[in-house]
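**Q** If you scroll down you'll find the structure; I have some questions about it.
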Amino acid sequence: MISFEPTPEQEAYCELVVRFARNELNDGTVARDAGGEFSRTAWKKAGQFGILGLMVPTEYGGSGADAVTLALALEQLGYACTDNGLLFSMNAHMWSCIAPIVRFGSEDQKQRYLPGLCDGTLIGVQAMTEPESGSDAFAMRTSAVARDESFVLNGSKTFITNAPVADVFIVFASTSKRRGFGSSAFIVDRNTPGLSIGTPFDKMGLRTSPMSEVFFDDCAVPERALLGRVGAGMAIFNSSMEWERSFILATAVGTMQRQLERCIEYARTRRQFGEPIGKFQSIANKIVDMKLRVETSRLMLHRLAWLRSENRSTALESSMVKLHLSECFVQSSLDAIQIHGGYGYMRESEIERDLRDALASRIYSGTSEMQRVMTARRLGL
């Protein structure tokens, strides 16, 4: 039977997460957001604390946390850490790089990469999206040709989170000329000849999470760099995407809870026409709607985490969770600004930043439109 009550051990760990994030991850967020600056210092602290290795088995340097503990910890991380860009980079690292190595990596690959990816020594990235291949992953043009006990990669990737600072790349490339067939995944080190990084993009939101293009020009990698088997690329990608859609917005649930608490406090203390603005129905209704979004998002997230902990299929649920949480995050961020009025629009308030960061959640890891398409298909429509 599913229970929504955390165990004493989970509660204690979540308290540690909140204390750590508040004390160690929030320094200089406003300035770093303005300058588009990634904090490697905060990244290493997160690794040393254990956040980055939550899903990794203990024999490879992680904590081997179950899916429910993982969801609870990430939610509290989002509640206490105001740097959404840093959180986004962590999520990309965990779901698009660590997760596929845990599931599909050889023993040598796990021993070589996972300890550093867990403790913050290494930063990971997945390179799938291309200029002509976004939602249509089958349109991928980057190729990998077998040659002399190696694979030679040629092509380019774009909108790659963490690329400017990454040490390890999970690269998807076509090993067949047939559309949709024969794609494979490779683990490529940053210093591999033929791999180059483009100029970082200047983004609207998530500005502390670096993003750029990645180029491959006769980039030769040894056979041991192959992740899984030849032709298994789409299976690996779909597996990592299910993890990503399931948990990439777990931190947003915590952020929405923080927004709610801040709006309640403001509505109690801000006075207009001789009384607190929370007494006005238009303001109170917005806060009630924010509360409903937090609760429905949390329930959907925790149920999905429970399903994963029971080794049940979550293909349908992960799409719905990604869709619902992203839409809720955007609307609650809009409401938070409206409740705070002109003050909420000012950068120094740190309220407007949540909206800029939230908007991307309806695009990355599959757009809201694609989540609706996939949900409809799984409902037999």
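Chain labels follow the order of the structure tokens: the first chain is A, the next B, and so on; residue numbering restarts at 1 in every chain, and ligands are counted from 1 in their shown order.
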Using only C-alpha atoms, which protein or nucleic acid residues come within 6 Å of segment 96-108 of chain A? Drop anything in the same chain fewer than 4 positions from it, and give the result as an NGL selection string.
**A** :A and (92 or 112 or 124-126 or 227-228 or 240)
**Q** Taking the backbone alone, and naming residues the way the document does, which bits of segment 118-307 of chain A are helix (DSSP H, G or I) by DSSP, as a VMD selection string?
**A** chain A and resid 118 to 119 137 to 139 163 to 165 223 to 225 233 to 247 250 to 269 277 to 279 281 to 307
**Q** List every residue of segment 66-89 of chain A that has an atom at most 9 Å from any atom of segment 256-276 of chain A, giving for each one its closest atom pair and the distance in Å to one decimal, counting only C-alpha atoms, sorted by chain and then by ascending residue number, as JSON lines.
**A**
```
{"residue": "A:Gly78", "atom": "CA", "partner": "A:Arg258", "partner_atom": "CA", "distance": 8.5}
{"residue": "A:Tyr79", "atom": "CA", "partner": "A:Arg258", "partner_atom": "CA", "distance": 5.6}
{"residue": "A:Ala80", "atom": "CA", "partner": "A:Arg258", "partner_atom": "CA", "distance": 7.9}
```
**Q** Which one is closest to Arg32 of chain A: A:Thr192, A:Ser184, A:Gln281, A:Thr82? Count only C-alpha atoms.
**A** A:Thr82
**Q** Fewer than 3 positions away in the same chain doesn't count, so skip those; otherwise give me all residues within 7 Å of Ser309 of chain A, counting only C-alpha atoms, as a VMD selection string.
**A** chain A and resid 66 to 68 305 to 306
**Q** Restricting it to N, CA and C atoms, dump the selection as a compact mmCIF listing (two decimals), in the first residue's frame.
**A**
```txt
# COMPACT_ATOMS: atom_id res chain seq x y z
N ASP A 66 16.44 5.05 -2.81
CA ASP A 66 15.28 4.61 -3.57
C ASP A 66 14.59 5.81 -4.19
N ALA A 67 13.64 5.56 -5.10
CA ALA A 67 13.01 6.63 -5.86
C ALA A 67 12.22 7.59 -4.99
N VAL A 68 11.59 7.09 -3.93
CA VAL A 68 10.81 7.96 -3.04
C VAL A 68 11.74 8.91 -2.29
N ALA A 305 7.05 8.32 -7.96
CA ALA A 305 8.25 7.80 -7.30
C ALA A 305 7.97 6.45 -6.66
N TRP A 306 6.79 6.30 -6.06
CA TRP A 306 6.41 5.02 -5.46
C TRP A 306 6.31 3.94 -6.53
```
**Q** Taking a cut-off of 12 Å and counting only C-alpha atoms, can you build a table that, for each residue of segment 214-286 of chain A near segment 316-331 of chain A, reports the nearest atom pair and how far apart they are in Å (one decimal), sorted by chain then residue number, as a Markdown table?
**A**
```
| residue | atom | partner | partner_atom | distance |
| --- | --- | --- | --- | --- |
| A:Asn238 | CA | A:Ser318 | CA | 11.7 |
| A:Ser239 | CA | A:Ser318 | CA | 11.3 |
| A:Ser240 | CA | A:Ser318 | CA | 11.6 |
| A:Met241 | CA | A:Ser318 | CA | 9.1 |
| A:Glu242 | CA | A:Ser318 | CA | 6.3 |
| A:Trp243 | CA | A:Ser318 | CA | 7.9 |
| A:Glu244 | CA | A:Ser318 | CA | 8.4 |
| A:Arg245 | CA | A:Lys322 | CA | 5.3 |
| A:Ser246 | CA | A:Ser318 | CA | 4.6 |
| A:Phe247 | CA | A:Lys322 | CA | 8.1 |
| A:Ile248 | CA | A:Lys322 | CA | 7.9 |
| A:Leu249 | CA | A:Leu325 | CA | 6.6 |
| A:Ala250 | CA | A:Leu325 | CA | 8.3 |
| A:Thr251 | CA | A:Leu325 | CA | 10.1 |
| A:Ala252 | CA | A:Phe329 | CA | 6.6 |
| A:Val253 | CA | A:Leu325 | CA | 7.5 |
| A:Gly254 | CA | A:Phe329 | CA | 10.2 |
| A:Thr255 | CA | A:Phe329 | CA | 8.3 |
| A:Met256 | CA | A:Phe329 | CA | 6.6 |
| A:Gln257 | CA | A:Phe329 | CA | 10.3 |
| A:Arg258 | CA | A:Phe329 | CA | 11.7 |
| A:Gln259 | CA | A:Phe329 | CA | 9.9 |
| A:Leu260 | CA | A:Phe329 | CA | 11.3 |
| A:Lys286 | CA | A:Gln331 | CA | 9.9 |
```
**Q** Taking the DSSP secondary structure from the backbone, can you list the residues of segment 39-134 of chain A that are strand (DSSP E), as a PyMOL selection string?
**A** chain A and resi 124-127
**Q** Would you mind exporting the chosen residues as a JSON list (two decimals), in the first residue's frame, restricted to N, CA and C atoms?
**A**
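Full text of result.json as output:
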```json
[["chain", "number", "residue", "atom", "x", "y", "z"],
["A", 124, "GLY", "N", 28.72, 15.97, -16.04],
["A", 124, "GLY", "CA", 28.25, 15.19, -17.17],
["A", 124, "GLY", "C", 27.20, 15.91, -17.99],
["A", 125, "VAL", "N", 27.03, 15.43, -19.23],
["A", 125, "VAL", "CA", 26.09, 16.05, -20.16],
["A", 125, "VAL", "C", 25.64, 15.00, -21.15],
["A", 126, "GLN", "N", 24.45, 15.18, -21.69],
["A", 126, "GLN", "CA", 23.96, 14.34, -22.78],
["A", 126, "GLN", "C", 23.84, 15.19, -24.04],
["A", 127, "ALA", "N", 24.35, 14.69, -25.14],
["A", 127, "ALA", "CA", 24.31, 15.42, -26.41],
["A", 127, "ALA", "C", 23.44, 14.67, -27.39]]
```
**Q** Select, from A:Gly62, A:Gly231, A:Gly50, A:Gly278, the residue with the minimum atom-to-atom distance to Ala21 of chain A, counting only C-alpha atoms.
**A**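 Nearest candidate to Ala21 of chain A out of A:Gly62, A:Gly231, A:Gly50, A:Gly278: A:Gly50.
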**Q** Quote the spacing between atom CA of Gly366 of chain A and atom CA of Ala139 of chain A in Å to one decimal place.
**A** 15.3 Å
**Q** Hey, can you check how far atom CA of Leu25 of chain A sits from atom CA of Ala46 of chain A?
**A**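 One can read the atom CA of Leu25 of chain A to atom CA of Ala46 of chain A distance as 8.1 Å.
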**Q** Interatomic distance between atom CA of Met346 of chain A and atom CA of Cys81 of chain A?
**A** 19.7 Å
**Q** Which residues come within 10 Å of Val145 of chain A, counting only C-alpha atoms, excluding same-chain residues fewer than 6 positions away, as a list of chain:residue names?
**A**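 So, after excluding close chain neighbours, the residues are A:Phe151, A:Val152, A:Leu153, A:Asn154, A:Ala173, A:Ser174, A:Thr175, A:Ser176, A:Asp218, A:Ala220.
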**Q** Quick one: residues within 7 Å of segment 85-87 of chain A, only C-alpha atoms counted, chain neighbours fewer than 3 positions away excluded, as a PyMOL selection string?
**A** chain A and resi 90-91+206-209
**Q** Using only C-alpha atoms, which residues sit within 12 Å of Asp217 of chain A once same-chain residues fewer than 4 positions away are excluded, as a list in words?
**A**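 With the cut-off at 12 Å, the set is Thr142, Ser143, Ala144, Val152, Leu153, Asn154, Gly155, Ser156, Lys157, Thr192, Pro193, Gly194, Leu195, Ser196, Ile197 and Val221 of chain A.
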**Q** Counting only C-alpha atoms, which residue out of A:Phe49, A:Phe186, A:Tyr60, A:Phe216 sits closest to Gly116 of chain A?
**A**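 That would be A:Tyr60, the residue with the smallest distance to Gly116 of chain A.
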**Q** For each of A:Leu307, A:Ala284, A:Val165, A:Leu334, take the minimum atom-to-atom distance to Met211 of chain A, counting only C-alpha atoms, then give the residue where this is smallest.
**A**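 Residue with the minimum atom-to-atom distance to Met211 of chain A: A:Val165.
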**Q** Please provide the set of residues having any atom within 12 Å of Leu52 of chain A, restricted to only C-alpha atoms, with same-chain residues fewer than 5 positions apart removed, written as a PyMOL selection string.
**A** chain A and resi 42-47+57+61-65+70+73-74+77+86-95+97-99+114-124
**Q** I need the chosen residues saved as a short mmCIF file (atom, residue, chain, number, x, y, z; two decimals), in the first residue's frame, with N, CA and C atoms.
**A**
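So again-v1.cif came out as:
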```
data_model
loop_
_atom_site.label_atom_id
_atom_site.label_comp_id
_atom_site.auth_asym_id
_atom_site.auth_seq_id
_atom_site.Cartn_x
_atom_site.Cartn_y
_atom_site.Cartn_z
N ALA A 42 29.81 25.66 -5.83
CA ALA A 42 28.55 25.10 -5.33
C ALA A 42 28.36 23.68 -5.85
N TRP A 43 28.77 23.45 -7.09
CA TRP A 43 28.65 22.11 -7.68
C TRP A 43 29.44 21.08 -6.86
N LYS A 44 30.67 21.44 -6.53
CA LYS A 44 31.51 20.51 -5.77
C LYS A 44 30.95 20.28 -4.38
N LYS A 45 30.38 21.33 -3.78
CA LYS A 45 29.76 21.17 -2.47
C LYS A 45 28.58 20.19 -2.54
N ALA A 46 27.78 20.31 -3.60
CA ALA A 46 26.65 19.41 -3.77
C ALA A 46 27.12 17.97 -3.95
N GLY A 47 28.22 17.81 -4.68
CA GLY A 47 28.77 16.47 -4.85
C GLY A 47 29.29 15.89 -3.56
N PRO A 57 24.49 3.37 -7.06
CA PRO A 57 24.78 2.34 -6.05
C PRO A 57 26.01 2.69 -5.22
N GLY A 61 30.24 4.90 -5.37
CA GLY A 61 30.38 6.20 -4.75
C GLY A 61 29.09 6.93 -4.45
N GLY A 62 27.95 6.32 -4.74
CA GLY A 62 26.67 6.97 -4.48
C GLY A 62 26.05 6.51 -3.18
N SER A 63 24.80 6.89 -2.97
CA SER A 63 24.10 6.50 -1.75
C SER A 63 23.04 5.44 -1.99
N GLY A 64 22.75 5.14 -3.27
CA GLY A 64 21.79 4.09 -3.58
C GLY A 64 20.39 4.37 -3.08
N ALA A 65 19.98 5.62 -3.09
CA ALA A 65 18.66 5.99 -2.57
C ALA A 65 17.55 5.42 -3.44
N LEU A 70 14.62 9.84 -3.21
CA LEU A 70 15.15 10.74 -4.24
C LEU A 70 14.20 11.90 -4.49
N ALA A 73 14.10 14.27 -1.41
CA ALA A 73 15.32 15.07 -1.27
C ALA A 73 15.37 16.19 -2.30
N LEU A 74 15.02 15.89 -3.55
CA LEU A 74 15.07 16.91 -4.60
C LEU A 74 14.03 17.99 -4.35
N LEU A 77 15.47 20.19 -1.80
CA LEU A 77 16.57 20.95 -2.41
C LEU A 77 16.02 22.17 -3.14
N LEU A 86 21.43 26.26 -11.25
CA LEU A 86 22.28 25.23 -10.66
C LEU A 86 21.52 23.93 -10.52
N LEU A 87 20.27 24.01 -10.05
CA LEU A 87 19.44 22.81 -9.88
C LEU A 87 19.19 22.14 -11.23
N PHE A 88 18.98 22.95 -12.26
CA PHE A 88 18.75 22.39 -13.60
C PHE A 88 19.99 21.65 -14.10
N SER A 89 21.16 22.23 -13.88
CA SER A 89 22.39 21.56 -14.28
C SER A 89 22.58 20.25 -13.54
N MET A 90 22.24 20.24 -12.25
CA MET A 90 22.33 19.01 -11.48
C MET A 90 21.40 17.93 -12.04
N ASN A 91 20.18 18.33 -12.35
CA ASN A 91 19.22 17.38 -12.90
C ASN A 91 19.69 16.83 -14.23
N ALA A 92 20.19 17.70 -15.11
CA ALA A 92 20.69 17.24 -16.40
C ALA A 92 21.83 16.24 -16.22
N HIS A 93 22.71 16.53 -15.30
CA HIS A 93 23.84 15.68 -14.97
C HIS A 93 23.38 14.30 -14.49
N MET A 94 22.38 14.29 -13.60
CA MET A 94 21.93 13.04 -12.99
C MET A 94 21.15 12.18 -13.98
N TRP A 95 20.21 12.80 -14.70
CA TRP A 95 19.29 11.98 -15.51
C TRP A 95 19.83 11.69 -16.90
N CYS A 97 23.18 11.81 -17.87
CA CYS A 97 24.54 11.25 -17.91
C CYS A 97 24.70 10.09 -16.93
N ILE A 98 24.40 10.34 -15.66
CA ILE A 98 24.58 9.29 -14.66
C ILE A 98 23.63 8.12 -14.89
N ALA A 99 22.34 8.41 -15.08
CA ALA A 99 21.33 7.35 -15.19
C ALA A 99 21.66 6.34 -16.29
N LEU A 114 31.57 6.88 -12.66
CA LEU A 114 30.56 7.17 -11.65
C LEU A 114 31.11 7.82 -10.38
N PRO A 115 32.24 7.37 -9.83
CA PRO A 115 32.72 8.03 -8.62
C PRO A 115 32.93 9.53 -8.79
N GLY A 116 33.55 9.94 -9.90
CA GLY A 116 33.77 11.36 -10.14
C GLY A 116 32.50 12.13 -10.43
N LEU A 117 31.54 11.48 -11.11
CA LEU A 117 30.26 12.12 -11.37
C LEU A 117 29.46 12.28 -10.08
N CYS A 118 29.67 11.40 -9.12
CA CYS A 118 28.98 11.49 -7.83
C CYS A 118 29.55 12.58 -6.93
N ASP A 119 30.88 12.67 -6.84
CA ASP A 119 31.48 13.59 -5.86
C ASP A 119 31.71 15.00 -6.39
N GLY A 120 31.30 15.27 -7.63
CA GLY A 120 31.43 16.62 -8.17
C GLY A 120 32.73 16.89 -8.87
N THR A 121 33.62 15.90 -8.92
CA THR A 121 34.87 16.08 -9.65
C THR A 121 34.62 16.23 -11.14
N LEU A 122 33.62 15.50 -11.64
CA LEU A 122 33.27 15.53 -13.06
C LEU A 122 31.87 16.11 -13.24
N ILE A 123 31.67 16.74 -14.37
CA ILE A 123 30.35 17.24 -14.76
C ILE A 123 29.94 16.52 -16.03
N GLY A 124 28.72 15.97 -16.04
CA GLY A 124 28.25 15.19 -17.17
C GLY A 124 27.20 15.91 -17.99
#
```
**Q** Which is closer to Met140 of chain A than all the others in A:Arg22, A:Gln111, A:Gly233, A:Ile187, using only C-alpha atoms?
**A**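 Once distances to Met140 of chain A are computed over only C-alpha atoms, the minimum belongs to A:Gly233.
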**Q** I need the residue nearest Cys14 of chain A from this list: A:Glu59, A:Arg147, A:Phe237, A:Ile51. Use only C-alpha atoms for the distance.
**A** A:Ile51
